[in-house]
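As structure tokens, the structure follows; a few thoughts come after it.
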Amino acid sequence: MKDEEYMKLALELAGRGVGRTSPNPMVGAVIVKAGRVIGQGWHRRYGGLHGEREALADCRESPRGAVLYVTLEPCCHTGKQPPCTEAILESGISRVVTGSRDPNPLVSGKGIKYLRDHGIQVDEGILKDECDGLNYVFFHYISTGRPYVVMKYAMTMDGKIATRTGQSQWITGENARRRVHEDRHRYSAIMAGVGTVLQDNPSLTCRMEHGVNPVRIICDSRLRTPVDAEVVLTARSVPTILATCCREEGRYKPYVNAGCRILPLPSTEGGVDLKELTNRLGREGIDSILLEGGGTLNWSSLESGIVSRVQAYIAPKIFGGGAAKSPVGGLGTSCPDHGFRLKNSRVTALGGDFLIESEVDNHVYGNC
Ligand SMILES: NC(=O)c1ccc[n+]([C@@H]2O[C@H](COP(=O)([O-])OP(=O)(O)OC[C@H]3O[C@@H](n4cnc5c(N)ncnc54)[C@H](OP(=O)(O)O)[C@@H]3O)[C@@H](O)[C@H]2O)c1
């Protein structure tokens with residue numbers, strides 16, 4: 001087999017850590033000796049062994065003289081685990097093949113240099129695009145210190161996210177909804193506005209088998225969330241943050257007693273200061289947010305520049321109704337040449353529905 005094929009296997013292993021390694025990257029590793037895979041592993045969960053050490057522990061014969069394929073440059077600093085570069089050196093591995101360079105300034109290039117300085121052959125950049133693509137959240141988080149925000153909505157073919165009476169459950173079919181729950185497992189947090197809580201009373205949990213619930217964040221500047229809302233009633237079992245501009249601490253008590261955390265923040269024109277909110281969440285180790293807001297929060301989120309990716313689930317239905325809401329509200333742009341530009345779009349068919357995913361292009365936005 002060629003280097004690329006072993007790296008593909010390492011990538012497949014890395015992906016098994018999805019939703020459990022945050023804020024660390026997903027990493028897979030394969031050890032090959034005389035054309036045979038003798039060990040393989042992946043970073044299973046945050047705080048656990050790194051992929052390289054998992055693969056070494058899995059070896060059924062001595063790795064001396066073997067080749068290690070690893071999706072990300074091995075670390076050379078002590079974090080939750082000792083440096084992988086030392087374990088590689090001790091094992092007697094003679095060649096290391098890597099995919100991504102670690103964007104972490106503590107590591108970048110230093111892990112590779114350490115290995116080379118100790119006489120190990122290192123070949124870099126095998127399936128680099130695929131390896132970088134796997135860890136887009138980690139790359140964003142390490143370089144900005146803020147969570148990667150994915151704005152997700154489900155709409156009809158006439159661009160409605162609810163009927164004229166405000167009902168939105170359900171717009172898409174089962175396959176699309178299953179995919180949403182995989183993403184609730186994948187990303188660390190989920191965010192909605194109080195408008196959605198008042199209208200839909202959602203639980204915002206992950207209903208995937210063995211899935212991990214994201215931390216729930218409700219943007220609620222005036223603390224209008226009902227104390228008997230589903231997100232409040234279940235706050236003891238699923239971490240729930242009410243991001244608010246309300247400073248009347250006496251009003252916090254019923255939420256705090258129910259297990260919610262109140263996060264007081266400065267206000268902006270639309271409500272909670274979203275830039276400051278993401279700065280705070282980033283400092284607390286939240287690397288990603290699935291934004292399932294209504295149109296009001298979606299617009300503010302785009303305008304404040306916190307959104308990196310948009311996911312539009314489109315159902316082949318038409319609701320009609322001038323008053324029925326669309327995915328993005330706010331003031332909107334006046335000129336068709338302006339608006340937020342999206343790039344690198346991908347379309348996936350999910351049962352009878354479609355998912356269009358695009359990246360936000362440097363938050364280019366303007367009016368005529
Ligand atoms: N189909 C879908 O994918 C989908 C998903 C979600 C929701 N929905 C539908 O969307 C509708 C609700 O939409 P919505 O626009 O009323 O609700 P929303 O966007 O979820 O919530 C808006 C509210 O959030 C609060 N907020 C706090 N900080 C904010 C900020 N920085 N920017 C904007 N808002 C902020 C504001 O209330 P305060 O000023 O009181 O804080 C604001 O009125 C419902 O009908 C729901 O069913 C559909």
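In the structure tokens, the first chain shown is A, the next is B, and so on; residue numbers restart at 1 for each chain, and ligands run from 1 in the order shown.
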* Please identify all polymer residues within 12 Å of Arg251 of chain A, counting only C-alpha atoms, omitting same-chain residues fewer than 4 positions from it, and present them as a PyMOL selection string. => chain A and resi 222-227+244-247+255-257+262
* Exercise: Arg280 of chain A partners within 12 Å, only C-alpha atoms, chain neighbours under 4 positions left out, as a ChimeraX atom specification -> /A:145-147,243,263-266,273-276,284-287
* Quick one, how far is atom 11 (C, counted along the ligand's line) of ligand 1 from atom CA of Ser326 of chain A? -> 8.6 Å
Would you give me, as CSV, each residue of chain A having an atom within 6 Å of an atom of ligand 1, along with its shortest atom pair and that distance in Å to one decimal, using only C-alpha atoms and all ligand atoms and sorting by chain and residue number?
```
residue,atom,partner,partner_atom_place_in_ligand_line,distance
A:Tyr153,CA,ligand 1,3 (O),3.4
A:Ala154,CA,ligand 1,3 (O),3.9
A:Met155,CA,ligand 1,1 (N),5.5
A:Ile161,CA,ligand 1,1 (N),3.8
A:Ala162,CA,ligand 1,45 (O),5.3
A:Gly166,CA,ligand 1,45 (O),4.0
A:Gln167,CA,ligand 1,47 (O),5.4
A:Ser168,CA,ligand 1,47 (O),4.6
A:Ala192,CA,ligand 1,20 (O),5.1
A:Gly193,CA,ligand 1,20 (O),3.3
A:Val194,CA,ligand 1,24 (O),4.5
A:Gly195,CA,ligand 1,17 (O),3.4
A:Thr196,CA,ligand 1,20 (O),3.9
A:Gln199,CA,ligand 1,44 (C),5.3
A:Asp200,CA,ligand 1,47 (O),5.5
A:Cys219,CA,ligand 1,27 (C),4.2
A:Asp220,CA,ligand 1,41 (O),3.9
A:Ser221,CA,ligand 1,41 (O),3.5
A:Arg222,CA,ligand 1,40 (O),5.0
A:Gly270,CA,ligand 1,32 (N),4.3
A:Gly271,CA,ligand 1,28 (N),3.6
A:Val272,CA,ligand 1,28 (N),3.9
A:Asp273,CA,ligand 1,31 (N),5.6
A:Leu274,CA,ligand 1,31 (N),5.5
A:Glu292,CA,ligand 1,6 (C),5.1
A:Gly293,CA,ligand 1,20 (O),4.2
A:Gly294,CA,ligand 1,19 (O),3.3
A:Gly295,CA,ligand 1,15 (O),4.1
A:Thr296,CA,ligand 1,15 (O),3.7
A:Leu297,CA,ligand 1,33 (C),3.7
A:Ser300,CA,ligand 1,32 (N),4.6
```
* So which one's closest to Leu204 of chain A, A:Ala258, A:Leu291, A:Ala349, A:Val149? Using only C-alpha atoms, please. -> A:Leu291
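Each of A:Leu127, A:Leu11, A:Ala324, A:Cys84 was compared to Lys110 of chain A using only C-alpha atoms, and A:Cys84 turns out to be the nearest.
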* Asked: Any idea what's packed within 10 Å of Gly51 of chain A, counting only C-alpha atoms, ignoring anything in its chain fewer than 6 positions away? Could you give it as a list in words?
  -> Ala10, Leu13, Ala14, Gly17, Met26, Val27, Gly28, Ala29, Val30, Gln40, Gly41, Trp42, His43, Arg44, Ala57, Val70, Thr71, Leu72, Pro74 and Cys84 of chain A
* Check the smallest atom-to-atom distance from each of A:Pro239, A:Gly119, A:Pro25, A:Gly39 to Tyr136 of chain A using only C-alpha atoms, then report the winner. => A:Pro25
Polymer residues at most 12 Å from Gly173 of chain A, only C-alpha atoms, same-chain spacing of 5 or more positions, as a PDB file with N, CA, C and O atoms, in the first residue's frame:
```
ATOM      1  N   ALA A 154     -33.579  24.991   8.994  1.00  0.00           N
ATOM      2  CA  ALA A 154     -34.336  24.153   8.061  1.00  0.00           C
ATOM      3  C   ALA A 154     -35.411  25.036   7.453  1.00  0.00           C
ATOM      4  O   ALA A 154     -36.112  25.760   8.171  1.00  0.00           O
ATOM      5  N   MET A 155     -35.533  25.005   6.134  1.00  0.00           N
ATOM      6  CA  MET A 155     -36.527  25.870   5.498  1.00  0.00           C
ATOM      7  C   MET A 155     -37.210  25.149   4.335  1.00  0.00           C
ATOM      8  O   MET A 155     -36.745  24.124   3.853  1.00  0.00           O
ATOM      9  N   THR A 156     -38.325  25.738   3.910  1.00  0.00           N
ATOM     10  CA  THR A 156     -39.052  25.212   2.759  1.00  0.00           C
ATOM     11  C   THR A 156     -38.428  25.766   1.481  1.00  0.00           C
ATOM     12  O   THR A 156     -37.559  26.650   1.552  1.00  0.00           O
ATOM     13  N   ARG A 178     -31.755  13.402  11.553  1.00  0.00           N
ATOM     14  CA  ARG A 178     -30.698  12.557  12.123  1.00  0.00           C
ATOM     15  C   ARG A 178     -29.352  13.258  11.965  1.00  0.00           C
ATOM     16  O   ARG A 178     -28.524  13.264  12.878  1.00  0.00           O
ATOM     17  N   ARG A 179     -29.146  13.854  10.819  1.00  0.00           N
ATOM     18  CA  ARG A 179     -27.886  14.561  10.547  1.00  0.00           C
ATOM     19  C   ARG A 179     -27.703  15.733  11.535  1.00  0.00           C
ATOM     20  O   ARG A 179     -26.611  16.008  12.008  1.00  0.00           O
ATOM     21  N   VAL A 180     -28.807  16.404  11.869  1.00  0.00           N
ATOM     22  CA  VAL A 180     -28.721  17.519  12.822  1.00  0.00           C
ATOM     23  C   VAL A 180     -28.278  16.990  14.189  1.00  0.00           C
ATOM     24  O   VAL A 180     -27.439  17.597  14.872  1.00  0.00           O
ATOM     25  N   TYR A 313     -30.851  23.431   5.448  1.00  0.00           N
ATOM     26  CA  TYR A 313     -31.581  22.207   5.109  1.00  0.00           C
ATOM     27  C   TYR A 313     -32.825  22.663   4.346  1.00  0.00           C
ATOM     28  O   TYR A 313     -33.586  23.511   4.844  1.00  0.00           O
ATOM     29  N   ILE A 314     -33.028  22.120   3.169  1.00  0.00           N
ATOM     30  CA  ILE A 314     -34.141  22.589   2.336  1.00  0.00           C
ATOM     31  C   ILE A 314     -35.097  21.432   2.043  1.00  0.00           C
ATOM     32  O   ILE A 314     -34.688  20.379   1.533  1.00  0.00           O
ATOM     33  N   ALA A 315     -36.357  21.653   2.430  1.00  0.00           N
ATOM     34  CA  ALA A 315     -37.376  20.619   2.205  1.00  0.00           C
ATOM     35  C   ALA A 315     -38.189  20.987   0.969  1.00  0.00           C
ATOM     36  O   ALA A 315     -38.515  22.159   0.765  1.00  0.00           O
ATOM     37  N   PRO A 316     -38.531  20.003   0.141  1.00  0.00           N
ATOM     38  CA  PRO A 316     -39.344  20.296  -1.047  1.00  0.00           C
ATOM     39  C   PRO A 316     -40.813  20.530  -0.667  1.00  0.00           C
ATOM     40  O   PRO A 316     -41.676  19.690  -0.901  1.00  0.00           O
ATOM     41  N   LYS A 317     -41.038  21.683  -0.008  1.00  0.00           N
ATOM     42  CA  LYS A 317     -42.381  22.079   0.440  1.00  0.00           C
ATOM     43  C   LYS A 317     -42.507  23.573   0.240  1.00  0.00           C
ATOM     44  O   LYS A 317     -41.493  24.271   0.214  1.00  0.00           O
ATOM     45  N   ALA A 349     -27.774  15.215  -0.602  1.00  0.00           N
ATOM     46  CA  ALA A 349     -29.182  14.786  -0.585  1.00  0.00           C
ATOM     47  C   ALA A 349     -29.408  13.952   0.673  1.00  0.00           C
ATOM     48  O   ALA A 349     -28.606  13.082   1.008  1.00  0.00           O
ATOM     49  N   LEU A 350     -30.475  14.265   1.397  1.00  0.00           N
ATOM     50  CA  LEU A 350     -30.794  13.534   2.636  1.00  0.00           C
ATOM     51  C   LEU A 350     -32.256  13.105   2.550  1.00  0.00           C
ATOM     52  O   LEU A 350     -33.147  13.888   2.876  1.00  0.00           O
ATOM     53  N   GLY A 351     -32.486  11.881   2.110  1.00  0.00           N
ATOM     54  CA  GLY A 351     -33.860  11.460   1.867  1.00  0.00           C
ATOM     55  C   GLY A 351     -34.434  12.372   0.795  1.00  0.00           C
ATOM     56  O   GLY A 351     -33.802  12.621  -0.239  1.00  0.00           O
ATOM     57  N   GLY A 352     -35.580  12.948   1.042  1.00  0.00           N
ATOM     58  CA  GLY A 352     -36.175  13.853   0.057  1.00  0.00           C
ATOM     59  C   GLY A 352     -35.675  15.285   0.204  1.00  0.00           C
ATOM     60  O   GLY A 352     -36.022  16.155  -0.599  1.00  0.00           O
ATOM     61  N   ASP A 353     -34.877  15.568   1.222  1.00  0.00           N
ATOM     62  CA  ASP A 353     -34.410  16.937   1.495  1.00  0.00           C
ATOM     63  C   ASP A 353     -32.983  17.145   0.983  1.00  0.00           C
ATOM     64  O   ASP A 353     -32.311  16.195   0.601  1.00  0.00           O
ATOM     65  N   PHE A 354     -32.537  18.397   1.048  1.00  0.00           N
ATOM     66  CA  PHE A 354     -31.168  18.720   0.632  1.00  0.00           C
ATOM     67  C   PHE A 354     -30.505  19.562   1.707  1.00  0.00           C
ATOM     68  O   PHE A 354     -31.159  20.379   2.365  1.00  0.00           O
ATOM     69  N   LEU A 355     -29.204  19.338   1.862  1.00  0.00           N
ATOM     70  CA  LEU A 355     -28.411  20.195   2.754  1.00  0.00           C
ATOM     71  C   LEU A 355     -27.414  20.952   1.890  1.00  0.00           C
ATOM     72  O   LEU A 355     -26.638  20.341   1.153  1.00  0.00           O
TER      73      LEU A 355
END
```
* From a DSSP calculation on the backbone, collect every residue of segment 238-363 of chain A in alpha helix (DSSP H) and output the set as a PyMOL selection string. => chain A and resi 253-257+274-283+295-303
For the selection just defined, write its residues with N, CA and C atoms to a file, as a PDB file, in the first residue's frame.
```pdb
ATOM      1  N   LYS A 253     -32.233  34.060  40.592  1.00  0.00           N
ATOM      2  CA  LYS A 253     -32.390  32.952  41.536  1.00  0.00           C
ATOM      3  C   LYS A 253     -33.171  31.731  41.011  1.00  0.00           C
ATOM      4  N   PRO A 254     -34.380  31.910  40.446  1.00  0.00           N
ATOM      5  CA  PRO A 254     -35.119  30.712  40.010  1.00  0.00           C
ATOM      6  C   PRO A 254     -34.372  29.909  38.949  1.00  0.00           C
ATOM      7  N   TYR A 255     -33.617  30.608  38.093  1.00  0.00           N
ATOM      8  CA  TYR A 255     -32.865  29.894  37.049  1.00  0.00           C
ATOM      9  C   TYR A 255     -31.671  29.156  37.669  1.00  0.00           C
ATOM     10  N   VAL A 256     -30.979  29.872  38.574  1.00  0.00           N
ATOM     11  CA  VAL A 256     -29.809  29.264  39.208  1.00  0.00           C
ATOM     12  C   VAL A 256     -30.248  28.062  40.043  1.00  0.00           C
ATOM     13  N   ASN A 257     -31.362  28.199  40.762  1.00  0.00           N
ATOM     14  CA  ASN A 257     -31.869  27.081  41.560  1.00  0.00           C
ATOM     15  C   ASN A 257     -32.218  25.869  40.691  1.00  0.00           C
ATOM     16  N   LEU A 274     -22.667  39.616  21.094  1.00  0.00           N
ATOM     17  CA  LEU A 274     -22.324  38.263  20.654  1.00  0.00           C
ATOM     18  C   LEU A 274     -20.818  38.051  20.514  1.00  0.00           C
ATOM     19  N   LYS A 275     -20.105  39.101  20.148  1.00  0.00           N
ATOM     20  CA  LYS A 275     -18.645  39.001  20.027  1.00  0.00           C
ATOM     21  C   LYS A 275     -18.053  38.707  21.409  1.00  0.00           C
ATOM     22  N   GLU A 276     -18.526  39.454  22.396  1.00  0.00           N
ATOM     23  CA  GLU A 276     -18.025  39.255  23.763  1.00  0.00           C
ATOM     24  C   GLU A 276     -18.433  37.862  24.277  1.00  0.00           C
ATOM     25  N   LEU A 277     -19.665  37.450  23.916  1.00  0.00           N
ATOM     26  CA  LEU A 277     -20.119  36.117  24.332  1.00  0.00           C
ATOM     27  C   LEU A 277     -19.177  35.035  23.786  1.00  0.00           C
ATOM     28  N   THR A 278     -18.828  35.129  22.503  1.00  0.00           N
ATOM     29  CA  THR A 278     -17.960  34.088  21.940  1.00  0.00           C
ATOM     30  C   THR A 278     -16.535  34.183  22.511  1.00  0.00           C
ATOM     31  N   ASN A 279     -16.082  35.404  22.816  1.00  0.00           N
ATOM     32  CA  ASN A 279     -14.765  35.531  23.470  1.00  0.00           C
ATOM     33  C   ASN A 279     -14.770  34.794  24.806  1.00  0.00           C
ATOM     34  N   ARG A 280     -15.838  35.025  25.571  1.00  0.00           N
ATOM     35  CA  ARG A 280     -15.938  34.395  26.902  1.00  0.00           C
ATOM     36  C   ARG A 280     -16.015  32.871  26.786  1.00  0.00           C
ATOM     37  N   LEU A 281     -16.852  32.403  25.857  1.00  0.00           N
ATOM     38  CA  LEU A 281     -17.014  30.951  25.702  1.00  0.00           C
ATOM     39  C   LEU A 281     -15.711  30.309  25.243  1.00  0.00           C
ATOM     40  N   GLY A 282     -14.997  30.999  24.351  1.00  0.00           N
ATOM     41  CA  GLY A 282     -13.707  30.494  23.879  1.00  0.00           C
ATOM     42  C   GLY A 282     -12.734  30.329  25.039  1.00  0.00           C
ATOM     43  N   ARG A 283     -12.712  31.328  25.927  1.00  0.00           N
ATOM     44  CA  ARG A 283     -11.788  31.249  27.077  1.00  0.00           C
ATOM     45  C   ARG A 283     -12.151  30.081  27.987  1.00  0.00           C
ATOM     46  N   GLY A 295     -34.660  33.838  13.051  1.00  0.00           N
ATOM     47  CA  GLY A 295     -34.119  34.811  12.118  1.00  0.00           C
ATOM     48  C   GLY A 295     -33.497  36.031  12.784  1.00  0.00           C
ATOM     49  N   THR A 296     -34.004  36.408  13.963  1.00  0.00           N
ATOM     50  CA  THR A 296     -33.486  37.611  14.632  1.00  0.00           C
ATOM     51  C   THR A 296     -32.051  37.373  15.095  1.00  0.00           C
ATOM     52  N   LEU A 297     -31.825  36.251  15.785  1.00  0.00           N
ATOM     53  CA  LEU A 297     -30.475  35.950  16.271  1.00  0.00           C
ATOM     54  C   LEU A 297     -29.544  35.621  15.104  1.00  0.00           C
ATOM     55  N   ASN A 298     -30.068  34.968  14.082  1.00  0.00           N
ATOM     56  CA  ASN A 298     -29.226  34.624  12.924  1.00  0.00           C
ATOM     57  C   ASN A 298     -28.656  35.891  12.276  1.00  0.00           C
ATOM     58  N   TRP A 299     -29.521  36.882  12.092  1.00  0.00           N
ATOM     59  CA  TRP A 299     -29.045  38.135  11.480  1.00  0.00           C
ATOM     60  C   TRP A 299     -27.960  38.782  12.342  1.00  0.00           C
ATOM     61  N   SER A 300     -28.232  38.922  13.639  1.00  0.00           N
ATOM     62  CA  SER A 300     -27.237  39.562  14.523  1.00  0.00           C
ATOM     63  C   SER A 300     -25.928  38.792  14.510  1.00  0.00           C
ATOM     64  N   SER A 301     -26.033  37.467  14.440  1.00  0.00           N
ATOM     65  CA  SER A 301     -24.818  36.649  14.482  1.00  0.00           C
ATOM     66  C   SER A 301     -23.992  36.886  13.221  1.00  0.00           C
ATOM     67  N   LEU A 302     -24.667  36.952  12.072  1.00  0.00           N
ATOM     68  CA  LEU A 302     -23.942  37.237  10.827  1.00  0.00           C
ATOM     69  C   LEU A 302     -23.326  38.631  10.886  1.00  0.00           C
ATOM     70  N   GLU A 303     -24.134  39.590  11.329  1.00  0.00           N
ATOM     71  CA  GLU A 303     -23.678  40.984  11.362  1.00  0.00           C
ATOM     72  C   GLU A 303     -22.488  41.177  12.286  1.00  0.00           C
TER      73      GLU A 303
END
```
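Using only C-alpha atoms, the residues found no farther than 7 Å from Ile112 of chain A, other than those of its own chain fewer than 4 positions away, are Glu73, Arg116 and Val122 of chain A.
Interatomic distance, atom CA of Leu233 of chain A against atom CA of Arg177 of chain A: 23.5 Å.
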* Quick one: everything within 10 Å of Val238 of chain A, counting only C-alpha atoms, minus sequence neighbours fewer than 3 positions away in the same chain. Send it as a list in words. => Ser203, Leu204, Thr205, Val212, Asn213, Pro214, Val215, Arg216, Val231, Val232, Leu233, Thr234, Ala235, Ile241, Gly259 and Cys260 of chain A
Got time to write the residues from that selection, N, CA, C and O atoms, as an mmCIF file, in the first residue's frame?
```
data_model
loop_
_atom_site.group_PDB
_atom_site.id
_atom_site.type_symbol
_atom_site.label_atom_id
_atom_site.label_comp_id
_atom_site.auth_asym_id
_atom_site.auth_seq_id
_atom_site.Cartn_x
_atom_site.Cartn_y
_atom_site.Cartn_z
ATOM 1 N N SER A 203 -35.917 21.312 23.380
ATOM 2 C CA SER A 203 -35.028 20.777 24.429
ATOM 3 C C SER A 203 -33.557 20.972 24.030
ATOM 4 O O SER A 203 -32.684 20.961 24.892
ATOM 5 N N LEU A 204 -33.263 21.121 22.743
ATOM 6 C CA LEU A 204 -31.898 21.374 22.258
ATOM 7 C C LEU A 204 -30.885 20.344 22.757
ATOM 8 O O LEU A 204 -29.763 20.682 23.133
ATOM 9 N N THR A 205 -31.305 19.092 22.798
ATOM 10 C CA THR A 205 -30.403 18.014 23.229
ATOM 11 C C THR A 205 -30.020 17.177 22.006
ATOM 12 O O THR A 205 -30.581 17.340 20.930
ATOM 13 N N VAL A 212 -23.360 12.919 22.699
ATOM 14 C CA VAL A 212 -23.036 13.823 23.810
ATOM 15 C C VAL A 212 -23.900 15.082 23.645
ATOM 16 O O VAL A 212 -23.955 15.648 22.556
ATOM 17 N N ASN A 213 -24.541 15.515 24.711
ATOM 18 C CA ASN A 213 -25.344 16.742 24.641
ATOM 19 C C ASN A 213 -24.435 17.958 24.565
ATOM 20 O O ASN A 213 -23.472 18.072 25.330
ATOM 21 N N PRO A 214 -24.746 18.901 23.679
ATOM 22 C CA PRO A 214 -23.964 20.145 23.674
ATOM 23 C C PRO A 214 -24.389 21.031 24.849
ATOM 24 O O PRO A 214 -25.498 20.886 25.368
ATOM 25 N N VAL A 215 -23.504 21.935 25.259
ATOM 26 C CA VAL A 215 -23.867 22.951 26.257
ATOM 27 C C VAL A 215 -24.901 23.859 25.593
ATOM 28 O O VAL A 215 -24.717 24.282 24.453
ATOM 29 N N ARG A 216 -25.999 24.152 26.281
ATOM 30 C CA ARG A 216 -27.046 24.987 25.678
ATOM 31 C C ARG A 216 -26.842 26.449 26.066
ATOM 32 O O ARG A 216 -26.617 26.751 27.248
ATOM 33 N N VAL A 231 -35.649 23.850 28.583
ATOM 34 C CA VAL A 231 -34.207 24.030 28.819
ATOM 35 C C VAL A 231 -33.906 24.328 30.288
ATOM 36 O O VAL A 231 -32.831 23.994 30.785
ATOM 37 N N VAL A 232 -34.853 24.945 30.988
ATOM 38 C CA VAL A 232 -34.640 25.237 32.415
ATOM 39 C C VAL A 232 -34.930 23.976 33.238
ATOM 40 O O VAL A 232 -34.149 23.598 34.127
ATOM 41 N N LEU A 233 -36.022 23.298 32.917
ATOM 42 C CA LEU A 233 -36.403 22.112 33.701
ATOM 43 C C LEU A 233 -35.338 21.014 33.646
ATOM 44 O O LEU A 233 -35.231 20.213 34.567
ATOM 45 N N THR A 234 -34.555 20.967 32.552
ATOM 46 C CA THR A 234 -33.560 19.887 32.396
ATOM 47 C C THR A 234 -32.132 20.390 32.626
ATOM 48 O O THR A 234 -31.166 19.696 32.305
ATOM 49 N N ALA A 235 -32.003 21.586 33.193
ATOM 50 C CA ALA A 235 -30.666 22.199 33.312
ATOM 51 C C ALA A 235 -29.751 21.462 34.293
ATOM 52 O O ALA A 235 -28.536 21.650 34.259
ATOM 53 N N ILE A 241 -26.710 27.716 29.742
ATOM 54 C CA ILE A 241 -26.252 29.074 30.044
ATOM 55 C C ILE A 241 -27.286 30.061 29.517
ATOM 56 O O ILE A 241 -27.689 29.969 28.352
ATOM 57 N N GLY A 259 -30.551 25.050 38.108
ATOM 58 C CA GLY A 259 -29.316 24.474 37.564
ATOM 59 C C GLY A 259 -28.733 25.250 36.400
ATOM 60 O O GLY A 259 -27.713 24.854 35.847
ATOM 61 N N CYS A 260 -29.377 26.365 36.010
ATOM 62 C CA CYS A 260 -28.851 27.167 34.887
ATOM 63 C C CYS A 260 -27.694 28.029 35.386
ATOM 64 O O CYS A 260 -27.597 28.345 36.566
#
```
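With only C-alpha atoms as the atoms that count, the residue of A:Met208, A:Ser358, A:Asp158, A:Ser308 with the shortest distance to Glu182 of chain A is A:Met208.
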